[in-house]
Every structure is written in structure tokens, then in C-alpha cells.
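As stored in coords_15.txt (compact mmCIF, C-alpha atoms and all ligand atoms):
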```txt
# COMPACT_ATOMS: atom_id res chain seq x y z
CA MET U 10 -51.46 145.13 253.46
CA THR U 11 -53.91 143.78 250.91
CA LYS U 12 -53.87 140.39 252.61
CA GLU U 13 -54.69 141.96 255.94
CA LEU U 14 -57.51 144.02 254.43
CA LEU U 15 -58.83 141.00 252.58
CA ASP U 16 -58.92 138.92 255.76
CA LYS U 17 -60.76 141.66 257.58
CA PHE U 18 -63.20 141.98 254.70
CA LEU U 19 -63.81 138.25 254.58
CA SER U 20 -64.37 138.14 258.30
CA GLY U 21 -67.28 140.53 257.79
CA ASP U 22 -65.80 143.96 258.51
CA THR U 23 -68.45 146.33 257.14
CA PHE U 24 -66.18 149.34 257.47
CA ILE U 25 -63.67 147.77 255.07
CA ALA U 26 -66.49 146.72 252.71
CA SER U 27 -67.90 150.26 252.60
CA LYS U 28 -64.47 151.75 252.08
CA LEU U 29 -63.77 149.39 249.23
CA MET U 30 -67.10 150.26 247.61
CA LYS U 31 -66.28 153.95 247.84
CA GLN U 32 -62.91 153.36 246.15
CA VAL U 33 -64.55 151.30 243.42
CA GLU U 34 -67.15 154.02 242.86
CA ASN U 35 -64.37 156.55 242.48
CA GLY U 36 -62.71 154.40 239.83
CA ASP U 37 -59.62 153.92 241.96
CA GLN U 38 -57.51 151.31 240.16
CA SER U 39 -55.37 150.64 243.22
CA VAL U 40 -58.16 148.32 244.38
CA TRP U 41 -57.70 145.99 241.42
CA PRO U 42 -55.50 143.49 243.30
CA MET U 43 -58.07 143.37 246.06
CA MET U 44 -60.92 143.10 243.56
CA ARG U 45 -59.12 140.21 241.86
CA GLU U 46 -59.13 138.29 245.12
CA ILE U 47 -62.72 139.27 245.70
CA SER U 48 -63.91 138.20 242.29
CA ARG U 49 -62.41 134.74 242.92
CA ARG U 50 -64.70 134.45 245.88
CA THR U 51 -67.90 135.34 244.05
CA GLY U 52 -70.52 133.26 242.31
CA ASN U 53 -72.64 132.19 245.23
CA ALA U 54 -75.19 134.98 245.38
CA HIS U 55 -78.43 135.03 243.48
CA ILE U 56 -78.81 138.47 241.95
CA ILE U 57 -82.24 139.99 241.58
CA GLY U 58 -82.80 143.09 239.46
CA ILE U 59 -85.90 145.19 240.11
CA THR U 60 -86.87 147.94 237.75
CA GLY U 61 -89.90 149.96 236.78
CA PRO U 62 -91.10 153.54 236.52
CA PRO U 63 -90.42 156.10 239.26
CA GLY U 64 -92.65 155.70 242.26
CA ALA U 65 -94.05 152.29 241.21
CA GLY U 66 -93.27 150.90 244.64
CA LYS U 67 -89.95 149.16 243.98
CA SER U 68 -88.36 150.07 247.31
CA THR U 69 -91.50 149.12 249.22
CA ILE U 70 -91.47 145.73 247.51
CA VAL U 71 -87.74 145.31 248.18
CA ASP U 72 -88.33 146.05 251.84
CA LYS U 73 -90.98 143.37 252.09
CA LEU U 74 -88.79 140.90 250.20
CA ILE U 75 -85.88 141.61 252.54
CA TYR U 76 -88.16 140.61 255.39
CA LEU U 77 -89.04 137.28 253.75
CA PHE U 78 -85.47 136.48 252.78
CA ARG U 79 -84.28 137.25 256.28
CA GLU U 80 -87.02 135.11 257.75
CA ASN U 81 -85.59 132.28 255.67
CA HIS U 82 -82.08 133.08 256.91
CA TYR U 83 -80.67 134.44 253.68
CA LYS U 84 -78.08 137.18 254.01
CA VAL U 85 -79.14 140.11 251.86
CA GLY U 86 -77.37 142.91 249.99
CA VAL U 87 -79.22 145.75 248.29
CA VAL U 88 -77.91 148.21 245.72
CA CYS U 89 -80.12 151.21 244.91
CA VAL U 90 -79.05 152.81 241.68
CA ASP U 91 -79.71 156.40 240.83
CA PRO U 92 -81.30 157.56 244.06
CA SER U 93 -80.54 161.13 243.07
CA SER U 94 -82.58 160.87 239.89
CA PRO U 95 -84.32 164.09 238.90
CA PHE U 96 -87.42 162.01 238.26
CA THR U 97 -87.77 161.06 241.86
CA GLY U 98 -86.47 164.24 243.43
CA GLY U 99 -83.71 162.65 245.44
CA ALA U 100 -85.33 159.55 246.78
CA PHE U 101 -82.11 158.49 248.50
CA LEU U 102 -83.54 159.13 251.93
CA GLY U 103 -86.88 157.78 250.80
CA ASP U 104 -85.33 154.47 249.79
CA ARG U 105 -83.66 154.18 253.17
CA ILE U 106 -86.87 154.95 255.02
CA ARG U 107 -88.92 152.55 252.94
CA MET U 108 -86.41 149.78 253.50
CA SER U 109 -87.09 149.72 257.21
CA HIS U 110 -86.37 146.01 257.38
CA ALA U 111 -82.79 146.76 256.48
CA THR U 112 -82.00 148.94 259.47
CA GLY U 113 -80.23 147.47 262.42
CA ASP U 114 -79.77 144.03 260.85
CA LYS U 115 -76.11 143.20 260.32
CA ASP U 116 -77.01 140.63 257.68
CA VAL U 117 -78.55 143.26 255.43
CA PHE U 118 -76.25 145.67 253.61
CA VAL U 119 -77.78 148.55 251.64
CA ARG U 120 -75.71 150.68 249.27
CA SER U 121 -76.94 153.61 247.19
CA LEU U 122 -75.16 154.54 243.98
CA ALA U 123 -75.49 157.66 241.93
CA ASN U 124 -76.00 156.98 238.27
CA ARG U 125 -73.04 159.10 237.39
CA GLY U 126 -72.48 159.63 233.72
CA ALA U 127 -74.02 156.42 232.47
CA LEU U 128 -76.73 157.99 230.35
CA GLY U 129 -79.87 156.22 231.38
CA GLY U 130 -77.97 153.03 232.08
CA LEU U 131 -76.84 151.34 235.20
CA ALA U 132 -74.23 153.13 237.26
CA PRO U 133 -70.92 151.95 235.85
CA ARG U 134 -69.76 150.35 239.07
CA VAL U 135 -72.82 148.28 239.85
CA LYS U 136 -71.10 145.07 238.75
CA GLU U 137 -68.22 145.60 241.13
CA ILE U 138 -70.46 146.55 244.04
CA VAL U 139 -72.48 143.39 243.43
CA GLN U 140 -69.24 141.38 243.41
CA ILE U 141 -68.16 142.89 246.69
CA LEU U 142 -71.50 142.01 248.28
CA ASP U 143 -71.29 138.50 246.84
CA ALA U 144 -67.81 137.87 248.25
CA PHE U 145 -68.91 139.50 251.48
CA GLY U 146 -71.26 136.57 251.92
CA LYS U 147 -74.58 137.99 250.80
CA GLU U 148 -76.65 135.18 249.34
CA ILE U 149 -79.33 137.37 247.83
CA ILE U 150 -78.41 140.67 246.18
CA ILE U 151 -81.18 142.98 245.02
CA VAL U 152 -80.38 145.76 242.55
CA GLU U 153 -83.06 148.45 242.36
CA THR U 154 -82.96 150.77 239.39
CA VAL U 155 -85.41 153.38 238.22
CA GLY U 156 -86.68 152.18 234.90
CA VAL U 157 -86.37 154.97 232.43
CA GLY U 158 -85.54 153.69 229.00
CA GLN U 159 -82.19 152.00 228.76
CA ALA U 160 -81.76 151.38 232.48
CA GLU U 161 -84.49 148.80 232.31
CA SER U 162 -82.69 146.60 229.88
CA ASP U 163 -79.29 147.25 231.45
CA VAL U 164 -80.33 145.63 234.67
CA ILE U 165 -80.31 142.29 232.90
CA HIS U 166 -76.54 142.52 232.57
CA VAL U 167 -76.16 142.01 236.30
CA ALA U 168 -79.28 140.13 237.33
CA ASP U 169 -80.11 136.44 237.36
CA THR U 170 -83.77 137.16 237.92
CA THR U 171 -85.29 140.40 236.68
CA LEU U 172 -88.46 141.81 238.23
CA VAL U 173 -90.32 144.51 236.34
CA VAL U 174 -92.78 146.56 238.38
CA GLU U 175 -95.78 148.12 236.71
CA VAL U 176 -98.77 149.92 238.15
CA PRO U 177 -102.41 149.83 237.01
CA GLY U 178 -103.36 152.10 234.16
CA MET U 179 -100.05 152.21 232.34
CA GLY U 180 -101.61 153.58 229.19
CA ASP U 181 -98.92 154.61 226.71
CA ARG U 182 -96.31 152.69 228.56
CA MET U 183 -97.84 149.51 227.22
CA GLN U 184 -96.66 150.54 223.79
CA ALA U 185 -93.13 151.15 224.99
CA LEU U 186 -93.19 147.86 226.83
CA LYS U 187 -93.40 145.92 223.64
CA ALA U 188 -90.07 147.36 222.62
CA GLY U 189 -88.00 145.15 224.83
CA ILE U 190 -89.05 144.97 228.40
CA LEU U 191 -91.02 141.82 227.76
CA GLU U 192 -87.89 139.96 226.82
CA ILE U 193 -85.91 141.04 229.84
CA SER U 194 -88.46 140.39 232.56
CA ASP U 195 -88.69 137.11 234.37
CA ILE U 196 -91.43 138.25 236.69
CA PHE U 197 -93.88 141.10 236.21
CA ILE U 198 -95.30 142.71 239.29
CA VAL U 199 -98.44 144.80 239.01
CA ASN U 200 -98.11 146.79 242.21
CA LYS U 201 -100.69 149.11 243.78
CA CYS U 202 -103.36 146.58 242.92
CA ASP U 203 -105.53 148.36 245.46
CA ARG U 204 -106.05 150.83 242.61
CA GLU U 205 -108.59 150.56 239.90
CA GLY U 206 -107.64 148.71 236.73
CA ALA U 207 -105.16 146.25 238.26
CA GLN U 208 -106.90 143.21 236.81
CA ASN U 209 -106.90 144.79 233.35
CA THR U 210 -103.17 145.45 233.56
CA VAL U 211 -102.51 141.86 234.63
CA ARG U 212 -104.64 140.63 231.73
CA ASP U 213 -102.98 142.95 229.19
CA LEU U 214 -99.52 141.86 230.26
CA ASN U 215 -100.47 138.22 230.04
CA MET U 216 -101.82 138.78 226.57
CA MET U 217 -98.60 140.43 225.49
CA LEU U 218 -96.61 137.56 226.93
CA ASP U 219 -98.58 135.18 224.73
CA TRP U 220 -96.70 136.65 221.78
CA LEU U 221 -93.33 135.64 223.15
CA PRO U 222 -91.74 132.55 221.68
CA GLU U 223 -92.03 129.60 224.03
CA GLY U 224 -88.97 129.08 226.14
CA SER U 225 -87.99 127.37 229.33
CA TRP U 226 -89.65 130.07 231.41
CA ARG U 227 -92.84 131.99 230.88
CA PRO U 228 -92.71 135.25 232.87
CA LYS U 229 -95.26 135.39 235.63
CA VAL U 230 -97.55 138.35 236.17
CA LEU U 231 -98.21 138.86 239.86
CA PRO U 232 -100.47 141.51 241.40
CA THR U 233 -99.24 143.03 244.68
CA ASN U 234 -100.16 145.64 247.18
CA ALA U 235 -96.76 146.20 248.68
CA LEU U 236 -98.07 148.55 251.34
CA ASN U 237 -99.99 145.79 253.07
CA ASN U 238 -97.76 142.91 251.99
CA GLN U 239 -100.34 141.37 249.66
CA GLY U 240 -98.85 139.14 246.96
CA ILE U 241 -95.26 139.46 248.18
CA GLN U 242 -95.01 135.82 249.23
CA GLU U 243 -95.95 134.86 245.65
CA VAL U 244 -93.17 137.09 244.31
CA TYR U 245 -90.73 135.47 246.70
CA ASP U 246 -91.80 131.98 245.62
CA ALA U 247 -91.55 132.92 241.95
CA ILE U 248 -87.99 134.20 242.43
CA LEU U 249 -86.89 130.90 243.96
CA GLU U 250 -88.73 128.95 241.29
CA HIS U 251 -86.96 130.96 238.59
CA LYS U 252 -83.63 130.34 240.28
CA SER U 253 -84.26 126.57 240.31
CA MET U 254 -85.08 126.67 236.62
CA LEU U 255 -81.82 128.53 235.88
CA ILE U 256 -79.81 125.98 237.80
CA GLN U 257 -81.53 123.00 236.21
CA THR U 258 -80.97 124.30 232.70
CA ASN U 259 -77.37 125.29 233.49
CA LYS U 260 -78.20 128.89 232.58
CA TRP U 261 -77.21 130.09 236.03
CA LYS U 262 -73.61 129.10 235.35
CA GLU U 263 -73.56 130.15 231.70
CA GLN U 264 -74.81 133.63 232.54
CA ARG U 265 -72.10 134.04 235.15
CA LEU U 266 -69.36 133.17 232.69
CA GLN U 267 -70.79 135.50 230.09
CA ARG U 268 -70.90 138.25 232.70
CA SER U 269 -67.26 137.63 233.61
CA LYS U 270 -66.29 138.08 230.00
CA ASN U 271 -68.33 141.29 229.71
CA HIS U 272 -66.82 142.54 232.92
CA CYS U 273 -63.33 141.87 231.62
CA PHE U 274 -64.07 143.89 228.49
CA SER U 275 -65.63 146.78 230.34
CA MET U 276 -62.57 146.99 232.60
CA MET U 277 -60.25 147.06 229.61
CA GLU U 278 -62.35 149.78 228.02
CA GLN U 279 -62.42 151.88 231.15
CA ALA U 280 -58.67 151.53 231.61
CA VAL U 281 -57.92 152.51 228.02
CA ILE U 282 -60.23 155.51 228.19
CA SER U 283 -58.72 156.83 231.39
CA TYR U 284 -55.23 156.23 230.02
CA ILE U 285 -56.02 158.33 226.96
CA HIS U 286 -57.49 161.13 229.08
CA LYS U 287 -54.55 161.08 231.45
CA LYS U 288 -51.87 161.11 228.77
CA THR U 289 -53.49 163.76 226.61
CA GLY U 290 -53.60 165.98 229.68
CA GLU U 291 -49.97 165.32 230.66
CA VAL U 292 -47.68 164.72 227.70
CA PRO U 293 -46.80 167.99 225.92
CA GLU U 294 -46.83 166.55 222.36
CA LEU U 295 -50.23 164.97 222.92
CA LYS U 296 -51.60 168.09 224.55
CA LYS U 297 -50.49 169.98 221.48
CA ILE U 298 -52.39 167.67 219.16
CA VAL U 299 -55.58 168.10 221.17
CA GLU U 300 -55.12 171.87 221.25
CA SER U 301 -54.70 171.93 217.47
CA VAL U 302 -58.05 170.20 217.13
CA LEU U 303 -59.58 172.64 219.58
CA GLU U 304 -58.22 175.58 217.61
CA GLY U 305 -59.45 174.20 214.32
CA ASP U 306 -55.96 173.69 212.90
CA LEU U 307 -56.30 169.92 212.80
CA ASP U 308 -59.29 167.78 211.89
CA PRO U 309 -60.55 165.34 214.56
CA TYR U 310 -59.66 162.29 212.44
CA SER U 311 -56.00 163.23 212.16
CA GLY U 312 -56.04 164.28 215.80
CA ALA U 313 -57.31 160.88 216.93
CA GLU U 314 -54.93 159.07 214.61
CA ASN U 315 -51.89 161.03 215.79
CA VAL U 316 -52.68 160.57 219.46
CA LEU U 317 -53.36 156.85 219.07
CA LYS U 318 -50.14 156.33 217.13
CA GLU U 319 -48.19 157.99 219.93
CA LEU U 320 -49.91 156.00 222.64
CA PHE U 321 -50.10 152.60 221.02
CA SER U 322 -47.17 152.63 218.65
CA SER U 323 -47.15 148.95 217.84
CA ALA U 324 -50.86 148.42 218.02
CA GLU U 325 -53.07 148.09 215.02
CA ILE U 326 -55.55 150.30 216.71
CA ILE U 327 -56.48 152.29 213.66
CA LYS U 328 -58.64 150.13 211.49
CA TYR U 329 -57.36 151.24 208.11
CA GLY U 330 -53.78 150.43 209.01
CA LYS U 331 -50.61 152.42 208.47
CA GLY U 332 -50.61 155.73 206.76
CA GLY U 333 -54.30 156.05 206.34
CA GLN U 334 -54.08 158.05 203.14
CA ILE U 335 -56.83 157.84 200.61
CA LYS U 336 -55.34 156.59 197.40
N1 LIG U 401 -101.54 152.60 247.08
C1 LIG U 401 -100.38 152.01 247.10
N2 LIG U 401 -99.27 152.73 247.29
C2 LIG U 401 -98.07 152.09 247.32
C3 LIG U 401 -97.97 150.69 247.12
N3 LIG U 401 -96.66 150.36 247.17
C4 LIG U 401 -95.97 151.49 247.38
N4 LIG U 401 -96.81 152.55 247.49
C5 LIG U 401 -96.46 153.96 247.72
O1 LIG U 401 -95.91 154.49 246.53
C6 LIG U 401 -94.90 155.47 246.83
C7 LIG U 401 -93.61 155.13 246.12
O2 LIG U 401 -93.08 153.94 246.65
P1 LIG U 401 -91.55 153.53 246.54
O3 LIG U 401 -91.43 152.17 247.12
O4 LIG U 401 -90.66 154.59 247.02
O5 LIG U 401 -91.44 153.47 244.95
P2 LIG U 401 -90.11 153.31 244.08
O6 LIG U 401 -90.53 152.63 242.83
O7 LIG U 401 -89.02 152.70 244.87
O8 LIG U 401 -89.77 154.83 243.80
P3 LIG U 401 -88.40 155.44 243.21
O9 LIG U 401 -87.26 154.66 243.79
O10 LIG U 401 -88.45 156.84 243.68
O11 LIG U 401 -88.53 155.31 241.73
C8 LIG U 401 -94.78 155.49 248.34
O12 LIG U 401 -95.53 156.55 248.85
C9 LIG U 401 -95.36 154.15 248.76
O13 LIG U 401 -95.89 154.18 250.05
C10 LIG U 401 -99.18 149.95 246.92
O14 LIG U 401 -99.19 148.73 246.73
N5 LIG U 401 -100.34 150.65 246.92
MG MG U 402 -87.03 153.36 245.22
```
Turn the structure described in the file into C-alpha cells.
Amino acid sequence: MTKELLDKFLSGDTFIASKLMKQVENGDQSVWPMMREISRRTGNAHIIGITGPPGAGKSTIVDKLIYLFRENHYKVGVVCVDPSSPFTGGAFLGDRIRMSHATGDKDVFVRSLANRGALGGLAPRVKEIVQILDAFGKEIIIVETVGVGQAESDVIHVADTTLVVEVPGMGDRMQALKAGILEISDIFIVNKCDREGAQNTVRDLNMMLDWLPEGSWRPKVLPTNALNNQGIQEVYDAILEHKSMLIQTNKWKEQRLQRSKNHCFSMMEQAVISYIHKKTGEVPELKKIVESVLEGDLDPYSGAENVLKELFSSAEIIKYGKGGQIK
């Protein structure tokens, strides 16, 4: 069955691809064998992360980039994270509308993901969805995420090239920027440069970048007016230039291997967590332990210790070893 599904998927069946994504989003572990096959067929796509504050124009930029990539015959996948964000008032439909270049083109696949549970971070399944798109033959995969705090730096865990979108007159945000966004961005876009203050923002960003230690890549600061396509070609060129640099310095490959390792760990963590939740809801002795904690008869430390001992009898999962008594 898996073989048949896999063949269909590899032959470009979008129905199967969508179904698989849904299963992955739901945390359905029965797709692991299929995902194993899929992950063996990944590694070709260039992954672009795009982040920035709500309403900065990310989706408009993505739409214009899709057009350029398609013009150059790249197959494109897009993942929009957190379209249901309270900050944007449910921009799901908005993202779809703004990505007009995606509609009706079979070589563009757009998927929206709710940022379920991952406090401020990327939706937990983004990595897998990106893998599916990669194996599905997409050569460029763009991950759009609303940049609010942590999400901005999380995007780097999936992206080869990270675009950070700012708008003129950022004010206080400049302060926050120093905290980490400078390090994660490969290309800064100052969008809405039809507005006053764009040149100042470009200058301020460049000045801040002067503080960064010299490396193999100095982030570019590019002004755009996404509405009328101004500056988008420069963004496109910068993305390809960054990609070439990554390949030449072998970073492209290194980052992929590092990501595989991280992915392996996050899968183990997820599996262990769901195992604990499942068992403590099912096994009477374990249920009893949890209830005792809930009723205040048992402290949480002993509760955790007792449950873990039951579940992982041979494992040295409790750091202080056997017994755990204070001497
Ligand atoms: N004036 C001006 N408006 C723009 C520009 N680019 C985008 N917009 C408008 O800004 C609004 C938000 O654009 P989006 O592309 O949805 O922004 P976004 O960053 O994807 O928004 P969220 O996904 O909701 O965070 C829309 O009304 C766009 O038409 C620009 O260069 N200049
Ligand atoms: Mg958007």
C-alpha cells in the first residue's frame, strides 16, 4: 500500500501530497514509513524563509517572487505559517488572494499551517511539510511566517536563505532588532519604500550591519515596493547569489545534515511525549499516580519519578539515578 501511495506521490499526485500533509499536521505516526521514503528523496530544494512584522508585505513579496521563479522554470512550494494569527485577524484568505500567481499553476503548491501550540515559534510540522514539498519536486520552497518574537529566529531552523521584511519607520523595533534578528537574516527587505523614511531605514539597517563580525556573507538591505514590483528582481538575484555562496562554502550541505540531526531529535522528543501522555491516560497504575499529584497527595517530583520508572524501567532517565533519596 505504501509503495503504491509513494509511486503516486512521486508521479505528482497532488491529492496524495495534500492528504499526507494533513496526516503529518495531525501528528499521525502511521505516516512514518512513508515519510522515511520521502526524506530519502529530499535535499534538492532551496528553502527560503521570509519573516517580518504583521502586514509588512510578506505575502505580496512572495507572490512577486513566485512569478519570477516560475518565469525561470523553477517549481515552487509555499508554506504559510500561522495564517490564523490574532495579529493579522485570520489572513489565511488574504494570503491566498495576495498570492495570485499561485492559482491555477500546477507547479506551484501553497499550504497554510496553523501555528498550533508552538508558542511564538514555527508550527511544529513545518519541517515535514517542507520535506514533502522537496520530495514532491519543488525546487524552491518559501516559508512565510509572521515575525513576532521567537518565530523570527525559528525560521532559520528550516531555511537556507532567510529574508527579513521591515517597513519604513520601525521606531522601537530597531531596538528589538539588535537582539538577534541581525544574525539570522541573509537579506533585509525594506518594503513599502513608497512611504516616507524608507531611505533612513535602509541606512539604519546598514549601519547596524556594520557591527556584525565579518563573515562570508554580508546581509544585503534592499528597498522594495512590492505592490508595483519595484526591487523584487534585486531580491530574486540576491537569493540566488546567497545560494551560490552557500554551495561554494559547503554550508548548504552542512546545514542540511545539521537539520537532519535536529529533525531526528525532535521526532524522538515528540514520540516520547505522546507516549507518556497516552500511557498515563490508559494504564490504571499510572493514572493513579497522576491523580495523586492532582489531589495533592503526591508531590510532582515523586509523581514524575514514579511514572518514568514504570515507563522506562531500564532507562537511566532520571538524572540522579536509582533511589533518588537525599542522603
Ligand atoms: N504601500 C504599500 N503597500 C504594500 C506594499 N506591499 C504590500 N502592501 C500592502 O500591505 C498590506 C499587507 O500585505 P501582505 O502582503 O498581506 O503582508 P503580510 O506581511 O503577508 O501580512 P501578514 O501575513 O498578515 O502578516 C496589503 O494591503 C498590501 O497590499 C508596498 O510596497 N507598499
Ligand atoms: Mg502574509
Subject >> U:Ser225 environment, 8 Å, all atoms listed in the file, sequence neighbours closer than 2 positions dropped, as a ChimeraX atom specification >> reply: /U:223,227,254
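Nearest residue to U:Arg134, choosing from U:Lys252, U:His272, U:Lys28, U:Lys84 and counting only C-alpha atoms: U:His272.
Residue nearest ligand LIG 401 (chain U) within the list U:Val117, U:Met217, U:Leu317, U:Val199: U:Val199 [criterion: smallest interatomic distance, all atoms listed in the file].
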Subject >> Of the listed residues U:Pro222, U:Gly21, U:Pro63, U:Gly58, that which approaches ligand MG 402 (chain U) most closely, counting only C-alpha atoms and all ligand atoms >> reply: U:Pro63
Please give the centre and size of the box around ligand LIG 401 (chain U) (axis-aligned, containing every atom listed in the file, 4 Å added per side), with values in Å to one decimal and written as lines of an AutoDock Vina configuration file.
```
center_x = -94.4
center_y = 152.8
center_z = 245.9
size_x = 22.3
size_y = 16.1
size_z = 16.3
```
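Remark: residues at most 9 Å from position (-103.5, 146.4, 233.8) in file coordinates are Glu175, Val176, Pro177, Gly178, Met179, Gly180, Val199, Glu205, Gly206, Ala207, Gln208, Asn209, Thr210, Val211, Arg212, Asp213 and Leu214 of chain U, using only C-alpha atoms.
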Original post:
Hey, what's within 12 Å of U:Lys31 if we count all atoms listed in the file and toss same-chain stuff fewer than 3 positions away? As number ranges by chain, please?
Top reply: U: 24-28, 34-38, 40, 120-123, 134-135, 137-138, 141
Original post:
Expressed in Å to a single decimal, how great is the separation between atom CA of U:His251 and atom CA of U:Arg45?
Top reply: 29.5 Å
Original post:
So, counting all atoms listed in the file, which residue among U:Ile151, U:Asn53, U:Ala144, U:Val33 is closest to ligand MG 402 (chain U)?
Top reply: U:Ile151
Subject >> Shell of 10 Å around U:Gly52, only C-alpha atoms, local chain residues under 5 positions omitted, as number ranges by chain >> reply: U: 140, 143-144, 148, 261-262, 265-266
**OP:** Do a neighbour search on U:Glu13 at 12 Å with all atoms listed in the file, toss out local chain neighbours closer than 5 positions, and write the hits as a PyMOL selection string.
**Re:** chain U and resi 18-20+22+25+43
The selected residues should be written to file as a PDB file, keeping the file's coordinate frame (atoms: C-alpha atoms).
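Written output follows (out.pdb):
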```pdb
ATOM      1  CA  PHE U  18     -63.200 141.980 254.700  1.00  0.00           C
ATOM      2  CA  LEU U  19     -63.810 138.250 254.580  1.00  0.00           C
ATOM      3  CA  SER U  20     -64.370 138.140 258.300  1.00  0.00           C
ATOM      4  CA  ASP U  22     -65.800 143.960 258.510  1.00  0.00           C
ATOM      5  CA  ILE U  25     -63.670 147.770 255.070  1.00  0.00           C
ATOM      6  CA  MET U  43     -58.070 143.370 246.060  1.00  0.00           C
TER       7      MET U  43
END
```
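Neighbourhood of point (-100.3, 152.0, 249.9): residues with an atom at most 12 Å away, counting only C-alpha atoms, are Gly64, Ala65, Gly66, Thr69, Ile70, Arg107, Asn200, Lys201, Cys202, Asp203, Arg204, Thr233, Asn234, Ala235, Leu236, Asn237, Asn238 and Gln239 of chain U.
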**OP:** Identify, on the basis of all atoms listed in the file, every residue whose closest approach to stretch 281-285 of chain U does not exceed 12 Å; exclude the query and any residue fewer than 2 positions from it along the same chain; express the result as a ChimeraX atom specification.
**Re:** /U:36-38,274-279,287-292,295-296,299,313,316-321,326
Subject >> Pick from U:Glu153, U:Glu46, U:Glu300, U:Asp195 nearest to ligand LIG 401 (chain U), counting all atoms listed in the file >> reply: U:Glu153
